[in-house]
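This is my_file.tsv. It holds TSV, C-alpha atoms.
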chain	number	residue	atom	x	y	z
A	1	MET	CA	78.13	104.24	92.03
A	2	VAL	CA	75.98	101.66	93.80
A	3	GLY	CA	76.72	100.49	97.34
A	4	ARG	CA	76.24	101.12	101.05
A	5	VAL	CA	77.78	103.37	103.68
A	6	GLY	CA	77.18	103.62	107.41
A	7	ASP	CA	75.65	106.55	109.23
A	8	ASP	CA	79.05	107.62	110.56
A	9	VAL	CA	81.43	110.43	109.63
A	10	PHE	CA	83.35	108.17	107.24
A	11	GLY	CA	80.23	107.57	105.17
A	12	GLN	CA	79.37	111.24	105.14
A	13	ASP	CA	82.88	112.25	104.08
A	14	LEU	CA	83.00	109.59	101.35
A	15	CYS	CA	79.73	110.77	99.84
A	16	VAL	CA	80.84	114.40	99.93
A	17	GLU	CA	84.08	113.53	98.13
A	18	LEU	CA	82.30	111.41	95.50
A	19	VAL	CA	79.93	114.27	94.71
A	20	ARG	CA	82.90	116.65	94.51
A	21	GLN	CA	84.38	114.31	91.93
A	22	THR	CA	81.08	114.40	89.97
A	23	VAL	CA	80.16	110.79	90.76
A	24	ALA	CA	76.40	110.10	90.84
A	25	ILE	CA	75.65	108.55	94.24
A	26	ASP	CA	71.87	108.15	94.19
A	27	GLY	CA	72.57	104.40	94.22
A	28	VAL	CA	74.57	104.63	97.46
A	29	LYS	CA	72.38	103.87	100.48
A	30	LYS	CA	73.03	104.77	104.11
A	31	VAL	CA	72.60	101.93	106.62
A	32	ALA	CA	71.38	103.12	110.01
A	33	GLY	CA	73.39	101.85	112.95
A	34	GLU	CA	76.15	100.43	110.76
A	35	ARG	CA	79.73	101.54	110.23
A	36	THR	CA	81.13	102.39	106.81
A	37	GLY	CA	83.52	99.79	105.41
A	38	VAL	CA	87.17	100.61	105.94
A	39	ALA	CA	90.55	99.29	104.84
A	40	ILE	CA	93.51	99.21	107.21
A	41	ILE	CA	96.66	99.61	105.13
A	42	TYR	CA	100.25	98.76	106.03
A	43	VAL	CA	103.07	99.88	103.72
A	44	ASP	CA	106.58	98.40	104.00
A	45	ASP	CA	109.95	99.95	103.16
A	46	SER	CA	109.74	98.69	99.56
A	47	ALA	CA	106.39	100.54	99.03
A	48	GLN	CA	104.40	97.27	98.97
A	49	ASN	CA	101.19	97.15	100.96
A	50	CYS	CA	99.15	94.74	103.02
A	51	ILE	CA	95.47	95.56	103.43
A	52	ALA	CA	92.96	94.32	105.99
A	53	ILE	CA	89.34	95.00	105.05
A	54	VAL	CA	86.44	95.52	107.47
A	55	PRO	CA	83.29	95.29	105.28
A	56	GLY	CA	80.88	97.21	107.49
A	57	ALA	CA	77.92	98.46	105.43
A	58	ASN	CA	79.43	96.91	102.29
A	59	GLY	CA	78.41	93.54	103.70
A	60	GLN	CA	74.75	94.51	103.32
A	61	VAL	CA	74.83	95.14	99.58
A	62	GLY	CA	72.37	92.60	98.21
A	63	ILE	CA	70.27	91.32	95.34
A	64	GLY	CA	67.97	94.34	95.55
A	65	ASP	CA	70.88	96.68	94.94
A	66	ALA	CA	71.87	94.65	91.90
A	67	GLU	CA	68.32	94.65	90.53
A	68	ALA	CA	68.21	98.43	90.92
A	69	LEU	CA	70.96	98.61	88.32
A	70	ARG	CA	68.55	97.78	85.48
A	71	SER	CA	67.53	101.34	84.74
A	72	ARG	CA	71.09	102.63	85.28
A	73	LEU	CA	72.68	100.22	82.81
A	74	ARG	CA	70.50	101.00	79.80
A	75	ASP	CA	72.93	103.63	78.57
A	76	ALA	CA	76.05	102.53	80.47
A	77	GLY	CA	79.25	101.65	78.69
A	78	MET	CA	80.52	99.20	81.29
A	79	LEU	CA	79.79	97.78	84.74
A	80	LEU	CA	82.77	97.51	87.07
A	81	LEU	CA	82.58	94.87	89.79
A	82	GLN	CA	84.87	93.89	92.66
A	83	LEU	CA	84.57	91.53	95.60
A	84	GLU	CA	84.24	93.82	98.61
A	85	VAL	CA	80.49	93.17	98.59
A	86	PRO	CA	78.70	89.80	98.91
A	87	ILE	CA	79.25	87.49	95.95
A	88	ASP	CA	75.50	86.94	95.45
A	89	ALA	CA	75.11	90.65	94.70
A	90	VAL	CA	78.09	90.56	92.34
A	91	LEU	CA	76.64	87.62	90.43
A	92	ARG	CA	73.21	89.20	90.15
A	93	ALA	CA	74.68	92.50	88.98
A	94	ALA	CA	76.57	90.67	86.23
A	95	VAL	CA	73.34	88.94	85.13
A	96	VAL	CA	71.50	92.26	85.03
A	97	ALA	CA	74.32	93.83	83.01
A	98	ARG	CA	74.36	90.99	80.51
A	99	GLU	CA	70.58	91.32	80.04
A	100	ALA	CA	71.11	95.04	79.40
A	101	ALA	CA	73.87	94.29	76.85
A	102	CYS	CA	76.34	96.16	79.06
A	103	LYS	CA	79.93	94.93	79.24
A	104	VAL	CA	81.16	93.60	82.59
A	105	LEU	CA	84.63	94.06	84.06
A	106	LEU	CA	85.53	92.19	87.25
A	107	ASN	CA	88.51	93.29	89.28
A	108	LEU	CA	89.38	90.39	91.54
A	109	THR	CA	89.94	92.47	94.67
A	110	PRO	CA	90.22	91.26	97.32
A	111	VAL	CA	91.03	87.59	96.68
A	112	PRO	CA	87.76	85.80	97.53
A	113	ALA	CA	87.59	83.62	100.62
A	114	HIS	CA	85.37	81.24	98.62
A	115	PRO	CA	85.58	80.14	94.96
A	116	ILE	CA	84.03	82.37	92.32
A	117	PRO	CA	80.67	80.84	91.29
A	118	ASP	CA	80.81	78.92	88.02
A	119	ALA	CA	77.83	80.96	86.79
A	120	LEU	CA	79.80	84.23	87.03
A	121	TRP	CA	82.65	83.35	84.68
A	122	PRO	CA	80.72	83.37	81.36
A	123	LEU	CA	79.14	86.71	82.29
A	124	LEU	CA	82.50	88.48	82.34
A	125	ASP	CA	83.84	90.39	79.37
A	126	ILE	CA	87.06	91.48	81.09
A	127	LEU	CA	88.87	90.09	84.12
A	128	VAL	CA	91.69	92.00	85.82
A	129	VAL	CA	93.86	90.19	88.37
A	130	ASN	CA	97.28	90.74	89.91
A	131	GLU	CA	99.92	88.04	90.05
A	132	SER	CA	98.93	86.67	93.47
A	133	GLU	CA	95.25	86.56	92.53
A	134	ALA	CA	96.08	84.81	89.26
A	135	GLY	CA	98.04	82.21	91.18
A	136	THR	CA	95.18	81.61	93.61
A	137	LEU	CA	92.65	81.12	90.81
A	138	THR	CA	94.78	78.95	88.54
A	139	GLY	CA	96.57	76.87	91.15
A	140	LEU	CA	99.97	77.86	89.77
A	141	ALA	CA	102.61	78.00	92.50
A	142	SER	CA	103.56	81.52	91.43
A	143	VAL	CA	102.74	83.83	88.56
A	144	THR	CA	105.56	85.88	87.07
A	145	ARG	CA	106.36	87.70	83.84
A	146	ASP	CA	107.45	84.35	82.40
A	147	ASN	CA	104.18	82.46	82.92
A	148	ALA	CA	101.59	85.25	83.21
A	149	SER	CA	100.35	84.53	79.68
A	150	GLU	CA	99.75	80.90	80.66
A	151	ALA	CA	97.80	81.98	83.75
A	152	ALA	CA	95.79	84.48	81.71
A	153	LEU	CA	94.90	81.84	79.12
A	154	LEU	CA	93.73	79.43	81.83
A	155	LEU	CA	91.47	82.14	83.22
A	156	ARG	CA	90.19	83.19	79.81
A	157	GLN	CA	89.17	79.61	79.10
A	158	ARG	CA	86.64	79.93	81.93
A	159	GLY	CA	84.67	82.61	80.09
A	160	PRO	CA	86.10	86.16	79.93
A	161	ASP	CA	86.98	87.50	76.49
A	162	ASP	CA	89.96	89.43	77.85
A	163	VAL	CA	92.14	88.73	80.88
A	164	LEU	CA	94.72	91.19	82.17
A	165	VAL	CA	97.35	90.13	84.69
A	166	THR	CA	98.99	93.10	86.38
A	167	LEU	CA	102.58	92.48	87.48
A	168	GLY	CA	103.54	95.71	89.24
A	169	GLU	CA	106.97	96.89	88.13
A	170	HIS	CA	107.01	94.11	85.52
A	171	GLY	CA	104.06	95.54	83.59
A	172	VAL	CA	100.88	93.91	82.35
A	173	VAL	CA	100.07	90.81	80.30
A	174	TRP	CA	96.88	90.88	78.21
A	175	SER	CA	95.36	87.68	76.84
A	176	SER	CA	92.64	87.65	74.17
A	177	ALA	CA	91.51	85.46	71.31
A	178	GLN	CA	94.36	86.96	69.27
A	179	GLY	CA	97.01	85.77	71.74
A	180	ALA	CA	99.00	87.33	74.58
A	181	GLN	CA	100.84	90.64	74.70
A	182	HIS	CA	103.15	92.07	77.34
A	183	PHE	CA	103.24	95.78	78.18
A	184	GLN	CA	106.36	97.16	79.87
A	185	ALA	CA	105.83	99.19	83.04
A	186	PHE	CA	106.71	102.89	83.17
A	187	PRO	CA	109.90	103.61	85.16
A	188	VAL	CA	109.04	105.34	88.45
A	189	GLN	CA	110.29	105.32	92.03
A	190	PRO	CA	107.39	103.89	94.07
A	191	VAL	CA	106.41	105.40	97.40
A	192	ASP	CA	103.16	103.54	98.11
A	193	THR	CA	101.43	100.99	95.86
A	194	THR	CA	98.07	101.41	97.60
A	195	ALA	CA	95.24	102.14	95.11
A	196	ALA	CA	97.41	101.36	92.07
A	197	GLY	CA	95.12	98.50	91.08
A	198	ASP	CA	91.97	100.58	91.53
A	199	THR	CA	93.55	103.38	89.51
A	200	PHE	CA	94.50	100.98	86.73
A	201	VAL	CA	91.00	99.50	86.49
A	202	GLY	CA	89.22	102.85	86.56
A	203	ALA	CA	91.48	104.35	83.91
A	204	LEU	CA	91.24	101.22	81.76
A	205	ALA	CA	87.44	101.26	81.86
A	206	ALA	CA	87.29	104.98	81.12
A	207	MET	CA	89.36	104.53	77.98
A	208	LEU	CA	87.43	101.47	76.78
A	209	VAL	CA	84.12	103.27	77.27
A	210	ALA	CA	85.61	106.12	75.21
A	211	GLU	CA	86.04	103.48	72.47
A	212	ARG	CA	89.82	103.33	72.63
A	213	GLY	CA	91.39	100.01	71.69
A	214	MET	CA	92.60	97.67	74.43
A	215	PRO	CA	96.35	98.32	73.83
A	216	GLU	CA	95.85	102.09	74.11
A	217	ALA	CA	93.60	101.66	77.15
A	218	ILE	CA	96.20	99.49	78.88
A	219	GLN	CA	98.98	102.00	78.22
A	220	TYR	CA	96.85	104.82	79.59
A	221	ALA	CA	95.87	102.78	82.66
A	222	MET	CA	99.51	101.86	83.33
A	223	ARG	CA	100.43	105.52	83.09
A	224	ALA	CA	97.78	106.44	85.65
A	225	ALA	CA	98.85	103.65	88.01
A	226	ALA	CA	102.51	104.65	87.67
A	227	ILE	CA	101.64	108.16	88.84
A	228	CYS	CA	99.58	106.74	91.69
A	229	VAL	CA	102.46	104.73	93.19
A	230	THR	CA	104.65	107.83	93.43
A	231	ARG	CA	102.26	109.29	96.01
A	232	PRO	CA	101.30	108.19	99.53
A	233	GLY	CA	97.75	107.25	100.47
A	234	ALA	CA	94.77	105.77	98.69
A	235	GLN	CA	92.15	108.14	97.26
A	236	ALA	CA	94.54	111.09	97.48
A	237	SER	CA	97.09	109.32	95.27
A	238	ILE	CA	94.76	108.72	92.32
A	239	PRO	CA	95.57	111.16	89.49
A	240	SER	CA	93.09	113.11	87.40
A	241	ARG	CA	92.82	112.65	83.63
A	242	GLN	CA	94.60	115.98	83.15
A	243	GLU	CA	97.52	114.79	85.28
A	244	VAL	CA	97.79	111.51	83.39
A	245	GLU	CA	97.79	113.21	80.01
A	246	ALA	CA	100.32	115.85	81.09
A	247	PHE	CA	102.83	113.63	82.89
A	248	VAL	CA	106.10	112.83	81.12
A	249	PHE	CA	108.06	109.71	82.13
A	250	VAL	CA	111.83	109.81	81.85
A	251	ASP	CA	113.62	106.47	81.59

Now that the file is in, can you turn its structure into structure tokens?
Amino acid sequence: MVGRVGDDVFGQDLCVELVRQTVAIDGVKKVAGERTGVAIIYVDDSAQNCIAIVPGANGQVGIGDAEALRSRLRDAGMLLLQLEVPIDAVLRAAVVAREAACKVLLNLTPVPAHPIPDALWPLLDILVVNESEAGTLTGLASVTRDNASEAALLLRQRGPDDVLVTLGEHGVVWSSAQGAQHFQAFPVQPVDTTAAGDTFVGALAAMLVAERGMPEAIQYAMRAAAICVTRPGAQASIPSRQEVEAFVFVD
């Protein structure tokens, strides 16, 4: 993992937990006098969430951090990017990954306050967006199960080889050069949808790096996300691989 944390207790606790989960954090820098980025999460009675993000040290991730990826990406299977760090760093990281012949997955979280640079689109191999993000990017009034394939195609025409539109309880639509395919969601009773998108993207990438096909990777990622929404919280709700493989869904 590459990024920044503050010199507060949040940063310390985050690093301890990442190490416990066997994540290499030598690319995570501590910023003196700065607070660690935090997300303030509100969950309503229907388990949907609203998140306010305070960037903190994340706002200081820059071009230098992206350039430092060169040596790390030589043997990497995929680079995962999101938009909680400055867009200049995201763009540079994608350039570095492309030069290293490493695949790039962008998860459009959170929805950017400014347009995505034109130069970033052709550097993306995979784009993952939810329905609201897809609507913002395409200009469609709303994105639903009925028109998600149209939205995905519009986004794929900008550069990514694969576009996935996540639709919550309505599943996932995947668009590729072979066409569009819809995947039905697993039946669960949601408690808190926080971290479901992060869980989906992480699980998807893990399966693709393990050389599983996209349909299998999507099914696995949906399974992981379905488990996640049955639990409260963010990091604590993300299941392990063992939990995902052992869980049985009953319709």

- request: Rounded to one decimal place, report the atom CA of Val5 of chain A-atom CA of Asn130 of chain A distance in Å.
  value: 27.0 Å

- prompt: Using all atoms listed in the file, which residue out of A:Ala221, A:Val244, A:Ala119, A:Val172 lies closest to Val143 of chain A?
  reply: A:Val172

- prompt: Skipping near chain neighbours, those fewer than 2 positions away, what residues fall within 8 Å of Gly159 of chain A using only C-alpha atoms, listed as number ranges by chain?
  reply: A: 121-125, 155-157, 161

- prompt: Using all atoms listed in the file, which of the listed residues (A:Thr109, A:Ile25, A:Gly6, A:Leu167) sits closest to Ala52 of chain A?
  reply: A:Thr109

Residues near Gln12 of chain A, anyone? I mean within 12 Å using all atoms listed in the file, not counting same-chain ones fewer than 3 positions away, as a compact mmCIF listing (two decimals) with C-alpha atoms, in the frame of the given file.
# COMPACT_ATOMS: atom_id res chain seq x y z
CA ARG A 4 76.24 101.12 101.05
CA VAL A 5 77.78 103.37 103.68
CA GLY A 6 77.18 103.62 107.41
CA ASP A 7 75.65 106.55 109.23
CA ASP A 8 79.05 107.62 110.56
CA VAL A 9 81.43 110.43 109.63
CA CYS A 15 79.73 110.77 99.84
CA VAL A 16 80.84 114.40 99.93
CA GLU A 17 84.08 113.53 98.13
CA LEU A 18 82.30 111.41 95.50
CA VAL A 19 79.93 114.27 94.71
CA ILE A 25 75.65 108.55 94.24
CA VAL A 28 74.57 104.63 97.46
CA LYS A 29 72.38 103.87 100.48
CA LYS A 30 73.03 104.77 104.11
CA VAL A 31 72.60 101.93 106.62
CA ARG A 35 79.73 101.54 110.23
CA THR A 36 81.13 102.39 106.81

Residues of segment 26-45 of chain A within 9 Å of segment 190-194 of chain A: nearest atom pair and distance (Å, one decimal) for each, counting only C-alpha atoms, sorted by chain and number, as CSV?
residue,atom,partner,partner_atom,distance
A:Ile41,CA,A:Thr194,CA,7.9
A:Val43,CA,A:Asp192,CA,6.7
A:Asp44,CA,A:Asp192,CA,8.5
A:Asp45,CA,A:Val191,CA,8.7

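The space separating atom CA of Met78 of chain A from atom CA of Val90 of chain A comes to 14.2 Å.
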
Contact residues around Val209 of chain A with all atoms listed in the file at 9 Å, ignoring same-chain residues under 2 positions, as a count of residues only: 9

task: Please check which residues have atoms at most 7 Å from (73.5, 95.0, 89.0) in the file's coordinates, counting all atoms listed in the file, and write them as a list in words.
output: Asp65, Ala66, Glu67, Ala68, Leu69, Arg70, Arg92, Ala93, Ala94, Val96 and Ala97 of chain A

- prompt: Quick one: residues within 9 Å of Ile126 of chain A, only C-alpha atoms counted, chain neighbours fewer than 4 positions away excluded, as a PyMOL selection string?
  reply: chain A and resi 103-107+156+160-164

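Using only C-alpha atoms, the smallest distance between any of A:Gly3, A:Ala151, A:Gly179, A:Gln48 and Gly139 of chain A comes from A:Ala151.
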
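Considering the residues A:Ser237, A:Phe247, A:Glu34, A:Asp198 and counting only C-alpha atoms, Phe186 of chain A has its shortest atom-to-atom contact with A:Phe247.
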
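In this model, the gap between atom CA of Tyr42 of chain A and atom CA of Glu131 of chain A comes to 19.2 Å.
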